Every structure is written in C-alpha cells, then in structure tokens.
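Novice: Provided herewith is a single structure, encoded as structure tokens, for subsequent inquiry.
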Amino acid sequence: MSPDAASNSSSSKDVVSNLLRRFRLKEVLNEDTGSKTIWLLGSIVEEASGETESFFDDGNSLDPVPGKSAAVVTLERLAFSSQEIGACSSGFLASSEIFTAENNDIYSWSTGTLHERVFHPDARVAIIYPATQKHIDKHRRQQRIWVRETPVLYKEVTKPFIDAQPPSRIQWVYNILSKKVESEHIVFEDPDPENGFVILPDLKWDASNAENMYLVAIVHRRDIKSLRDLNGSHLPLLRNIREKSSLAAGKYGVPPEQLRLYVHYQPSYYHFHVHITNVSFEGKGMVAGRAHLLDTVVDNIENITPDYYQRASISFALNSGDDLWSHWVKSTRAD
C-alpha cells in the first residue's frame, strides 16, 4: 500500500469512528434476516453537546433532521471465513457461551457467543450522513410493486425521470473515475474513453472471502445511464468488460468459469456499471426482475436486434416509496 493510500485509509477510519461515536439511534428502518442486515435511523450529535452516554433516543431532542443531523446506518454480519477458522486454535469453541440449546438423539443445536475471534472483522458498517429524506425513505421497509415497462412507458415516464436526476446524485461515481477517492481499491482499469472502465470491490464485499467475491465495473463514458441505452454500438464495450473481468477476478483466485456478470434494471444509480460476482455467491440483487445476465444482454443485441433494449418490454419491482414509483403514479394519473 502506498503512503498516500495508507494515509487515506487512516483518515477514513477516523471519520467513520467519529460518526459512530456520535450516532444516536432513533428507530430501526428495516431488517433482512436472510442477509443478516439491519438499517438504522438516528442523529449525529455534536461532541460538545454532552449527549454521549445514551445510545437510544429517549426524547425529541435528538430527532433526526433530514439533510442536517440525520444519519442512516447499515449493519451487516459478515460471513465466516474458512481461512480465519483454519488459523484458530483447535479448541476455539471451548470458550463459547451457550444461551439456548436443544438436542435429539445424535443432533444438538444452540445459540450463543463465540468468545474467541473466529473471524475479524465480524460486521460491515455503512453510513449515510447527512441523510436526506430520500435516503431515509429508500431504506425504510416498504411495499413492493411489480411494474411492466413498455417502450412507450419508458419514453413517457421512466426516461424523463432519469434525465431529471441532478449530476450531484452520482458525483461519487465521478470521484472514483477521476481517482479523487478509492483509487487504492481499483484492481483493474482500461483507460479507453469509449470502451474502458474501472473494476473495484463492491461495498457489499469485504475483499477477503473469494467465494463471496463481488466486484463492480464502472464505465468511463457518461452517456450510458441504464440497460435501456445499450445498442449495437456498445458491443465492443460490453465484450471488453466480459473479457477483462477475469483479470480482476484472477487477483482473488477466482477463475473465469466461476464468474457471473449481470446488469441491474432499475439500477441503484444511473451510470452504467456491471456487477461481477463469484457464481457461488447468492444475493438478493440477483433476483428475476432486476438482474440481467451480461451474456444474455450481449446475445440479445448481437443476435436478435441491435436496438433490442429500445424495443423490449422490461418488468421489474419497485418499492412503493421509490421516487420512480411516485413519478409513474403522477404521470399515469395525468393521462
């Protein structure tokens, strides 16, 4: 690691530690037992305010103010690592504290705490601060709705919504591409302005367990916002990502035949990117109605019609509180 990268890493740790120390919980926004993830809403208090002892808010003085004191914190349990367990002492389970237990014949099961560190770190923390109302609504538990987007509806409803997104929404992407931040995390780059991209670990992955490998390729060009923009002219870019993703994955010991590449529609941000995961990894972002395999995308454009994604109807799920869903309701009611 270069001195600059080490300095940036140390600075980032200080920022995160400071925010966590000042975070005061207001409510649980959502939880997912499948991914062992929970989303919290709270306030970041001023260090000089004296509010440093209580984790839970016991009144209105710490009510999160969107865009100011509000913070959304994501806590995710990390997966066990066979390498970490292999490095433990043979009796590492001896110090476990058992809370509940059952047994039947040769089978026993329990809940408890492993006092010896079986893996380290054991959780991933993500913070959005200051969090806007849109950030809060995005992470709050919501009803999911199925949408069938025809080409006409895309042009009349979705595209105007995408075009209206302010560039500031994806400034963080431009910061990565310009290497203002996270340059030390880039594991591969093709600098070509038309067919080039960078590849770096996704925030969902701790960059240690190869079976859960999760990378993302972010293209340099800024004129492709989503799957809908792809056509025959983009085949060299798509093939380039498919071919060179194996170079990035190879740095983690993952061979080409174990790669799964896909595109989200709707994506979480409107700058074209491709998800690159180990085929052994299963995540909720791979569900039907959101993930489109890159091989299939290339095949549709190459062998069916170059403007396939301008002519196809695409179905996907939306949360009832999503900005896009509100845009759909407003536009369709106006008709």
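Scheme for the structure tokens: letters A, B, ... for chains in order shown; per-chain residue numbers from 1; ligand numbers from 1 in order shown.
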Which polymer residues have any atom within 8 Å of an atom of region 189-197 of chain A, counting only C-alpha atoms, with same-chain residues fewer than 2 positions away left out, as a PyMOL selection string?

Specialist: chain A and resi 186-187+199+217-221+236-238+240-241

Novice: Mind checking DSSP for region 87-130 of chain A and telling me the strand (DSSP E) residues as a list in words?

Specialist: Glu97, Ile98, Phe99, Thr100, Ala101, Glu102, Asn103, Asn104, Tyr107, Ser108, Trp109, Ser110, Thr111, Gly112, Thr113, Ala123, Arg124, Val125, Ala126, Ile127 and Ile128 of chain A

Novice: Go through region 225-305 of chain A and flag each residue having an atom no more than 12 Å from region 143-148 of chain A; for those, report the closest pair of atoms plus their distance in Å to one decimal, using only C-alpha atoms, ordered by chain and rising number, as a Markdown table.

Specialist:
```
| residue | atom | partner | partner_atom | distance |
| --- | --- | --- | --- | --- |
| A:Tyr265 | CA | A:Val147 | CA | 11.6 |
| A:Gln266 | CA | A:Val147 | CA | 10.8 |
| A:Ala288 | CA | A:Trp146 | CA | 11.5 |
| A:Gly289 | CA | A:Trp146 | CA | 8.7 |
| A:Arg290 | CA | A:Trp146 | CA | 11.0 |
```

Novice: Please save C-alpha atoms of the selected residues as a PDB file, in the first residue's frame.

Specialist:
```pdb
ATOM      1  CA  TYR A 265     -32.616  -2.657 -14.177  1.00  0.00           C
ATOM      2  CA  GLN A 266     -33.637  -0.487 -12.493  1.00  0.00           C
ATOM      3  CA  ALA A 288     -35.538 -12.217 -11.597  1.00  0.00           C
ATOM      4  CA  GLY A 289     -36.940  -8.834 -12.476  1.00  0.00           C
ATOM      5  CA  ARG A 290     -33.752  -6.985 -11.607  1.00  0.00           C
TER       6      ARG A 290
END
```

Novice: Counting only C-alpha atoms, what is within 12 Å of Val297 (chain A), bar same-chain residues fewer than 2 positions away, as a ChimeraX atom specification?

Specialist: /A:227-232,234-235,238-239,242,261-265,274,291-295,299-309,312

Novice: Given the selection you just returned, output its residues as a file containing N, CA, C and O atoms, formatted as a CSV table (one decimal), in the first residue's frame.

Specialist:
```csv
chain,number,residue,atom,x,y,z
A,227,LEU,N,-29.6,0.0,-18.8
A,227,LEU,CA,-29.8,-1.0,-19.8
A,227,LEU,C,-30.5,-0.5,-21.1
A,227,LEU,O,-30.2,-1.0,-22.2
A,228,ARG,N,-31.4,0.4,-20.9
A,228,ARG,CA,-32.2,0.9,-22.0
A,228,ARG,C,-31.4,1.6,-23.0
A,228,ARG,O,-31.8,1.7,-24.2
A,229,ASP,N,-30.3,2.1,-22.7
A,229,ASP,CA,-29.4,2.9,-23.6
A,229,ASP,C,-28.6,2.0,-24.5
A,229,ASP,O,-28.0,2.5,-25.5
A,230,LEU,N,-28.4,0.8,-24.1
A,230,LEU,CA,-27.5,-0.1,-24.9
A,230,LEU,C,-28.0,-0.5,-26.3
A,230,LEU,O,-29.2,-0.7,-26.5
A,231,ASN,N,-27.1,-0.5,-27.2
A,231,ASN,CA,-27.4,-0.9,-28.6
A,231,ASN,C,-26.2,-1.5,-29.2
A,231,ASN,O,-25.2,-1.7,-28.6
A,232,GLY,N,-26.2,-1.8,-30.5
A,232,GLY,CA,-25.1,-2.4,-31.2
A,232,GLY,C,-23.8,-1.7,-31.1
A,232,GLY,O,-22.7,-2.4,-31.1
A,234,HIS,N,-22.5,-0.5,-28.6
A,234,HIS,CA,-21.9,-0.7,-27.3
A,234,HIS,C,-21.3,-2.1,-27.2
A,234,HIS,O,-20.8,-2.4,-26.1
A,235,LEU,N,-21.5,-2.9,-28.2
A,235,LEU,CA,-21.0,-4.3,-28.1
A,235,LEU,C,-19.5,-4.4,-27.8
A,235,LEU,O,-19.0,-5.2,-27.0
A,238,LEU,N,-19.2,-3.9,-24.0
A,238,LEU,CA,-19.7,-5.0,-23.3
A,238,LEU,C,-18.8,-6.2,-23.3
A,238,LEU,O,-18.5,-6.9,-22.3
A,239,ARG,N,-18.3,-6.5,-24.5
A,239,ARG,CA,-17.4,-7.6,-24.7
A,239,ARG,C,-16.1,-7.4,-23.9
A,239,ARG,O,-15.5,-8.3,-23.4
A,242,ARG,N,-16.7,-8.1,-20.3
A,242,ARG,CA,-16.8,-9.6,-20.1
A,242,ARG,C,-15.4,-10.3,-20.2
A,242,ARG,O,-15.1,-11.1,-19.4
A,261,LEU,N,-21.7,-12.3,-14.4
A,261,LEU,CA,-21.7,-10.9,-14.7
A,261,LEU,C,-23.2,-10.5,-15.0
A,261,LEU,O,-23.8,-11.2,-15.8
A,262,TYR,N,-23.7,-9.4,-14.5
A,262,TYR,CA,-25.0,-9.0,-14.7
A,262,TYR,C,-25.2,-7.5,-14.5
A,262,TYR,O,-24.4,-6.8,-13.9
A,263,VAL,N,-26.3,-7.0,-15.1
A,263,VAL,CA,-26.7,-5.6,-15.0
A,263,VAL,C,-28.0,-5.5,-14.3
A,263,VAL,O,-28.9,-6.3,-14.5
A,264,HIS,N,-28.2,-4.5,-13.5
A,264,HIS,CA,-29.5,-4.2,-12.8
A,264,HIS,C,-30.3,-3.3,-13.6
A,264,HIS,O,-29.9,-2.3,-14.2
A,265,TYR,N,-31.6,-3.6,-13.7
A,265,TYR,CA,-32.6,-2.7,-14.2
A,265,TYR,C,-33.9,-2.8,-13.3
A,265,TYR,O,-34.5,-3.9,-13.3
A,274,VAL,N,-21.5,-2.8,-14.3
A,274,VAL,CA,-21.7,-4.2,-14.4
A,274,VAL,C,-21.3,-4.9,-13.1
A,274,VAL,O,-20.2,-4.6,-12.6
A,291,ALA,N,-31.9,-8.5,-12.2
A,291,ALA,CA,-30.6,-8.9,-12.7
A,291,ALA,C,-30.8,-9.4,-14.2
A,291,ALA,O,-31.6,-10.2,-14.4
A,292,HIS,N,-30.0,-8.8,-15.1
A,292,HIS,CA,-30.0,-9.3,-16.5
A,292,HIS,C,-28.5,-9.7,-16.8
A,292,HIS,O,-27.6,-8.9,-16.8
A,293,LEU,N,-28.3,-11.0,-17.1
A,293,LEU,CA,-27.0,-11.5,-17.3
A,293,LEU,C,-26.3,-10.8,-18.5
A,293,LEU,O,-27.0,-10.6,-19.5
A,294,LEU,N,-25.1,-10.5,-18.3
A,294,LEU,CA,-24.4,-9.8,-19.4
A,294,LEU,C,-24.3,-10.6,-20.7
A,294,LEU,O,-24.4,-10.1,-21.8
A,295,ASP,N,-24.1,-11.9,-20.5
A,295,ASP,CA,-24.1,-12.8,-21.7
A,295,ASP,C,-25.4,-12.7,-22.5
A,295,ASP,O,-25.4,-12.7,-23.7
A,299,ASP,N,-26.1,-11.2,-26.2
A,299,ASP,CA,-26.7,-12.1,-27.2
A,299,ASP,C,-28.0,-11.4,-27.8
A,299,ASP,O,-28.2,-11.5,-29.0
A,300,ASN,N,-28.8,-10.7,-27.0
A,300,ASN,CA,-30.0,-10.1,-27.5
A,300,ASN,C,-29.6,-9.0,-28.5
A,300,ASN,O,-30.3,-8.8,-29.5
A,301,ILE,N,-28.5,-8.2,-28.2
A,301,ILE,CA,-28.1,-7.1,-29.1
A,301,ILE,C,-27.5,-7.7,-30.4
A,301,ILE,O,-27.7,-7.2,-31.5
A,302,GLU,N,-26.7,-8.7,-30.2
A,302,GLU,CA,-25.9,-9.3,-31.3
A,302,GLU,C,-26.7,-10.1,-32.2
A,302,GLU,O,-26.5,-10.1,-33.4
A,303,ASN,N,-27.6,-11.0,-31.7
A,303,ASN,CA,-28.2,-12.0,-32.5
A,303,ASN,C,-29.7,-11.8,-32.7
A,303,ASN,O,-30.3,-12.5,-33.6
A,304,ILE,N,-30.3,-10.9,-32.0
A,304,ILE,CA,-31.8,-10.6,-32.2
A,304,ILE,C,-31.9,-9.3,-32.9
A,304,ILE,O,-32.4,-9.3,-34.1
A,305,THR,N,-31.6,-8.2,-32.3
A,305,THR,CA,-31.6,-6.9,-33.0
A,305,THR,C,-30.8,-5.9,-32.2
A,305,THR,O,-30.8,-5.9,-31.0
A,306,PRO,N,-30.0,-5.1,-32.9
A,306,PRO,CA,-29.1,-4.1,-32.2
A,306,PRO,C,-29.9,-3.2,-31.3
A,306,PRO,O,-29.3,-2.7,-30.3
A,307,ASP,N,-31.2,-2.9,-31.6
A,307,ASP,CA,-32.0,-2.0,-30.7
A,307,ASP,C,-32.9,-2.8,-29.8
A,307,ASP,O,-34.0,-2.3,-29.5
A,308,TYR,N,-32.5,-3.9,-29.4
A,308,TYR,CA,-33.4,-4.8,-28.6
A,308,TYR,C,-33.9,-4.1,-27.4
A,308,TYR,O,-35.1,-4.2,-27.1
A,309,TYR,N,-33.1,-3.4,-26.6
A,309,TYR,CA,-33.5,-2.8,-25.4
A,309,TYR,C,-34.3,-1.5,-25.6
A,309,TYR,O,-34.7,-0.9,-24.6
A,312,ALA,N,-37.9,-3.7,-26.4
A,312,ALA,CA,-38.4,-4.7,-25.5
A,312,ALA,C,-39.2,-4.1,-24.3
A,312,ALA,O,-39.0,-2.9,-23.9
```

Novice: Give me, as a ChimeraX atom specification, the residues of region 64-313 of chain A that a backbone DSSP run labels alpha helix (DSSP H).

Specialist: /A:82-86,133-139,151-153,159-163,171-177,235-250,294-299,308-311

Novice: Now that the selection is made, can you save its residues with N, CA and C atoms as a short mmCIF file (atom, residue, chain, number, x, y, z; two decimals), in the first residue's frame?

Specialist:
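The resulting file, part.cif, is shown below:
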```cif
data_model
loop_
_atom_site.label_atom_id
_atom_site.label_comp_id
_atom_site.auth_asym_id
_atom_site.auth_seq_id
_atom_site.Cartn_x
_atom_site.Cartn_y
_atom_site.Cartn_z
N SER A 82 -13.27 -19.59 5.98
CA SER A 82 -12.57 -20.85 6.24
C SER A 82 -11.10 -20.59 6.55
N GLN A 83 -10.53 -19.55 5.94
CA GLN A 83 -9.14 -19.22 6.22
C GLN A 83 -8.96 -18.75 7.66
N GLU A 84 -9.92 -17.92 8.13
CA GLU A 84 -9.84 -17.42 9.50
C GLU A 84 -10.00 -18.56 10.50
N ILE A 85 -10.97 -19.45 10.24
CA ILE A 85 -11.19 -20.57 11.15
C ILE A 85 -9.98 -21.50 11.16
N GLY A 86 -9.38 -21.68 9.98
CA GLY A 86 -8.20 -22.54 9.89
C GLY A 86 -7.04 -22.01 10.71
N GLN A 133 -34.25 13.05 3.24
CA GLN A 133 -35.49 12.30 3.39
C GLN A 133 -35.56 11.17 2.37
N LYS A 134 -35.00 11.40 1.18
CA LYS A 134 -34.98 10.36 0.15
C LYS A 134 -34.15 9.17 0.58
N HIS A 135 -33.03 9.43 1.24
CA HIS A 135 -32.22 8.33 1.76
C HIS A 135 -33.00 7.55 2.81
N ILE A 136 -33.68 8.26 3.69
CA ILE A 136 -34.44 7.61 4.75
C ILE A 136 -35.57 6.76 4.17
N ASP A 137 -36.32 7.33 3.23
CA ASP A 137 -37.43 6.61 2.61
C ASP A 137 -36.94 5.38 1.86
N LYS A 138 -35.76 5.50 1.20
CA LYS A 138 -35.22 4.38 0.43
C LYS A 138 -34.94 3.18 1.31
N HIS A 139 -34.50 3.42 2.54
CA HIS A 139 -34.11 2.31 3.42
C HIS A 139 -35.22 1.87 4.36
N PRO A 151 -41.84 -0.01 -24.11
CA PRO A 151 -41.02 1.06 -24.68
C PRO A 151 -41.69 2.42 -24.61
N VAL A 152 -43.00 2.46 -24.80
CA VAL A 152 -43.73 3.73 -24.72
C VAL A 152 -43.69 4.29 -23.32
N LEU A 153 -43.93 3.43 -22.32
CA LEU A 153 -43.90 3.90 -20.94
C LEU A 153 -42.49 4.33 -20.53
N LYS A 159 -37.81 7.55 -18.67
CA LYS A 159 -36.71 8.34 -19.22
C LYS A 159 -36.73 9.79 -18.73
N PRO A 160 -37.88 10.48 -18.71
CA PRO A 160 -37.88 11.84 -18.16
C PRO A 160 -37.42 11.88 -16.70
N PHE A 161 -37.78 10.84 -15.94
CA PHE A 161 -37.34 10.77 -14.55
C PHE A 161 -35.82 10.65 -14.48
N ILE A 162 -35.24 9.75 -15.30
CA ILE A 162 -33.79 9.55 -15.30
C ILE A 162 -33.08 10.83 -15.73
N ASP A 163 -33.58 11.46 -16.78
CA ASP A 163 -32.95 12.67 -17.31
C ASP A 163 -33.00 13.83 -16.31
N GLN A 171 -22.10 12.09 -8.21
CA GLN A 171 -20.78 12.71 -8.11
C GLN A 171 -19.77 11.74 -7.52
N TRP A 172 -20.23 10.88 -6.62
CA TRP A 172 -19.33 9.91 -6.01
C TRP A 172 -18.76 8.95 -7.05
N VAL A 173 -19.54 8.66 -8.12
CA VAL A 173 -19.05 7.81 -9.21
C VAL A 173 -17.94 8.54 -9.96
N TYR A 174 -18.19 9.81 -10.27
CA TYR A 174 -17.18 10.59 -10.99
C TYR A 174 -15.91 10.74 -10.15
N ASN A 175 -16.05 10.80 -8.84
CA ASN A 175 -14.88 10.89 -7.96
C ASN A 175 -14.02 9.63 -8.07
N ILE A 176 -14.67 8.47 -8.22
CA ILE A 176 -13.93 7.22 -8.38
C ILE A 176 -13.23 7.19 -9.73
N LEU A 177 -13.96 7.56 -10.79
CA LEU A 177 -13.39 7.52 -12.14
C LEU A 177 -12.22 8.50 -12.28
N LEU A 235 -21.45 -2.93 -28.20
CA LEU A 235 -20.96 -4.31 -28.09
C LEU A 235 -19.46 -4.37 -27.78
N PRO A 236 -18.60 -3.54 -28.39
CA PRO A 236 -17.18 -3.60 -28.01
C PRO A 236 -16.95 -3.33 -26.52
N LEU A 237 -17.70 -2.41 -25.95
CA LEU A 237 -17.58 -2.12 -24.52
C LEU A 237 -18.02 -3.31 -23.69
N LEU A 238 -19.16 -3.88 -24.02
CA LEU A 238 -19.70 -5.00 -23.25
C LEU A 238 -18.79 -6.21 -23.34
N ARG A 239 -18.28 -6.49 -24.53
CA ARG A 239 -17.35 -7.63 -24.70
C ARG A 239 -16.06 -7.38 -23.94
N ASN A 240 -15.62 -6.13 -23.92
CA ASN A 240 -14.38 -5.78 -23.22
C ASN A 240 -14.53 -6.03 -21.73
N ILE A 241 -15.67 -5.64 -21.16
CA ILE A 241 -15.91 -5.89 -19.74
C ILE A 241 -15.96 -7.39 -19.46
N ARG A 242 -16.66 -8.12 -20.33
CA ARG A 242 -16.78 -9.57 -20.13
C ARG A 242 -15.42 -10.25 -20.19
N GLU A 243 -14.58 -9.83 -21.12
CA GLU A 243 -13.27 -10.46 -21.29
C GLU A 243 -12.31 -10.11 -20.16
N LYS A 244 -12.24 -8.83 -19.80
CA LYS A 244 -11.21 -8.39 -18.87
C LYS A 244 -11.62 -8.50 -17.40
N SER A 245 -12.89 -8.80 -17.15
CA SER A 245 -13.31 -9.01 -15.76
C SER A 245 -12.56 -10.18 -15.13
N SER A 246 -12.16 -11.15 -15.97
CA SER A 246 -11.44 -12.31 -15.45
C SER A 246 -10.06 -11.91 -14.92
N LEU A 247 -9.47 -10.83 -15.47
CA LEU A 247 -8.18 -10.37 -14.99
C LEU A 247 -8.30 -9.84 -13.56
N ALA A 248 -9.38 -9.09 -13.31
CA ALA A 248 -9.60 -8.56 -11.96
C ALA A 248 -9.93 -9.68 -10.99
N ALA A 249 -10.83 -10.59 -11.41
CA ALA A 249 -11.23 -11.69 -10.52
C ALA A 249 -10.06 -12.62 -10.24
N GLY A 250 -9.14 -12.76 -11.21
CA GLY A 250 -7.99 -13.63 -11.02
C GLY A 250 -7.10 -13.19 -9.88
N LEU A 294 -25.07 -10.48 -18.33
CA LEU A 294 -24.36 -9.78 -19.39
C LEU A 294 -24.30 -10.63 -20.65
N ASP A 295 -24.13 -11.95 -20.50
CA ASP A 295 -24.12 -12.82 -21.69
C ASP A 295 -25.42 -12.70 -22.46
N THR A 296 -26.54 -12.65 -21.75
CA THR A 296 -27.85 -12.54 -22.41
C THR A 296 -28.01 -11.17 -23.05
N VAL A 297 -27.54 -10.12 -22.37
CA VAL A 297 -27.61 -8.77 -22.93
C VAL A 297 -26.86 -8.70 -24.25
N VAL A 298 -25.63 -9.23 -24.26
CA VAL A 298 -24.82 -9.23 -25.49
C VAL A 298 -25.51 -10.05 -26.58
N ASP A 299 -26.05 -11.20 -26.22
CA ASP A 299 -26.71 -12.07 -27.20
C ASP A 299 -27.96 -11.40 -27.79
N TYR A 308 -32.51 -3.94 -29.41
CA TYR A 308 -33.37 -4.82 -28.61
C TYR A 308 -33.92 -4.11 -27.37
N TYR A 309 -33.06 -3.38 -26.65
CA TYR A 309 -33.49 -2.78 -25.38
C TYR A 309 -34.25 -1.47 -25.56
N GLN A 310 -34.35 -1.01 -26.79
CA GLN A 310 -35.25 0.10 -27.07
C GLN A 310 -36.63 -0.42 -27.48
N ARG A 311 -36.70 -1.70 -27.86
CA ARG A 311 -37.95 -2.27 -28.36
C ARG A 311 -38.62 -3.22 -27.37
#
```

Novice: Work out how far CA of Asn212 (chain A) is from CA of Ser12 (chain A), in Å to one decimal.

Specialist: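 So the two atoms, CA of Ser12 (chain A) and CA of Asn212 (chain A), lie 24.1 Å apart.
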
Novice: With distances taken over only C-alpha atoms, which residue among A:Gln258, A:Thr277, A:Thr113, A:Ser208 lies nearest Ile98 (chain A)?

Specialist: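 Among the listed residues, the smallest separation from Ile98 (chain A) belongs to A:Thr113.
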
Novice: Give me the residues near Phe99 (chain A) as a tab-separated table (two decimals) with N, CA, C and O atoms, in the first residue's frame, where near means some atom within 7 Å (using only C-alpha atoms) and where sequence neighbours in that chain fewer than 2 positions away do not count.

Specialist:
```
chain	number	residue	atom	x	y	z
A	97	GLU	N	-20.13	-19.24	24.91
A	97	GLU	CA	-21.18	-19.08	25.92
A	97	GLU	C	-22.50	-19.49	25.29
A	97	GLU	O	-22.94	-18.91	24.30
A	101	ALA	N	-30.33	-24.16	24.07
A	101	ALA	CA	-29.84	-25.38	23.45
A	101	ALA	C	-30.93	-26.44	23.41
A	101	ALA	O	-31.82	-26.46	24.26
A	111	THR	N	-27.89	-21.54	20.47
A	111	THR	CA	-27.48	-20.17	20.15
A	111	THR	C	-26.48	-19.76	21.21
A	111	THR	O	-26.53	-20.23	22.35
A	112	GLY	N	-25.56	-18.88	20.83
A	112	GLY	CA	-24.55	-18.48	21.80
A	112	GLY	C	-23.59	-17.47	21.23
A	112	GLY	O	-23.79	-16.94	20.13
```

Novice: To one decimal place in Å, what is the distance between CA of Pro267 (chain A) and CA of Thr150 (chain A)?

Specialist: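 Separation of CA of Pro267 (chain A) and CA of Thr150 (chain A): 17.2 Å.
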
Novice: Skipping near chain neighbours, those fewer than 4 positions away, what residues fall within 10 Å of Ile170 (chain A) using only C-alpha atoms, listed as a list in words?

Specialist: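 Returned residues: Gln165, Pro166, Tyr174, Asn175, Tyr269, Tyr270 and His271 of chain A.
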
Novice: Which residues, written as a list of chain:residue names, have at least one atom at most 10 Å from Tyr214 (chain A), with only C-alpha atoms counted and residues fewer than 2 positions away on the same chain left out?

Specialist: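 Non-adjacent residues within range: A:Leu200, A:Pro201, A:Asp202, A:Leu203, A:Lys204, A:Trp205, A:Asp206, A:Ala207, A:Asn209, A:Ala210, A:Glu211, A:Asn212, A:Val216, A:Ala249, A:Leu259, A:Arg260, A:Leu261, A:His275, A:Ile276, A:Thr277, A:Asn278, A:Val279, A:Phe281.
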
Novice: If you count only C-alpha atoms, which residues fall within 12 Å of Ala70 (chain A), apart from same-chain ones fewer than 5 positions away, as a compact mmCIF listing (two decimals) with C-alpha atoms, in the first residue's frame?

Specialist:
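Okay, this is what ended up in out-v1.txt:
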```txt
# COMPACT_ATOMS: atom_id res chain seq x y z
CA LEU A 19 -19.51 9.30 13.26
CA ARG A 22 -21.69 10.39 17.85
CA PHE A 23 -24.55 8.31 16.40
CA ARG A 24 -27.75 8.14 18.50
CA LEU A 25 -30.42 5.66 17.42
CA LYS A 26 -33.98 6.86 16.77
CA GLU A 27 -35.58 3.86 15.03
CA LEU A 40 -30.97 2.22 11.46
CA LEU A 41 -32.05 5.86 11.54
CA GLY A 42 -30.53 8.24 14.02
CA SER A 43 -28.82 11.55 14.60
CA ILE A 44 -25.18 12.55 14.63
CA VAL A 45 -24.82 14.66 17.77
CA LEU A 62 -32.29 14.04 19.09
CA ASP A 63 -34.91 13.74 16.35
CA PRO A 64 -33.03 13.29 13.06
CA VAL A 65 -33.29 16.32 10.79
CA ILE A 127 -23.13 5.36 6.96
CA ILE A 128 -25.04 7.98 5.01
CA TYR A 129 -24.59 11.38 6.66
CA PRO A 130 -26.16 13.80 6.35
CA ALA A 131 -29.05 11.64 5.14
CA THR A 132 -31.84 13.30 3.18
CA GLN A 133 -35.49 12.30 3.39
CA LYS A 134 -34.98 10.36 0.15
CA HIS A 135 -32.22 8.33 1.76
CA ILE A 136 -34.44 7.61 4.75
```
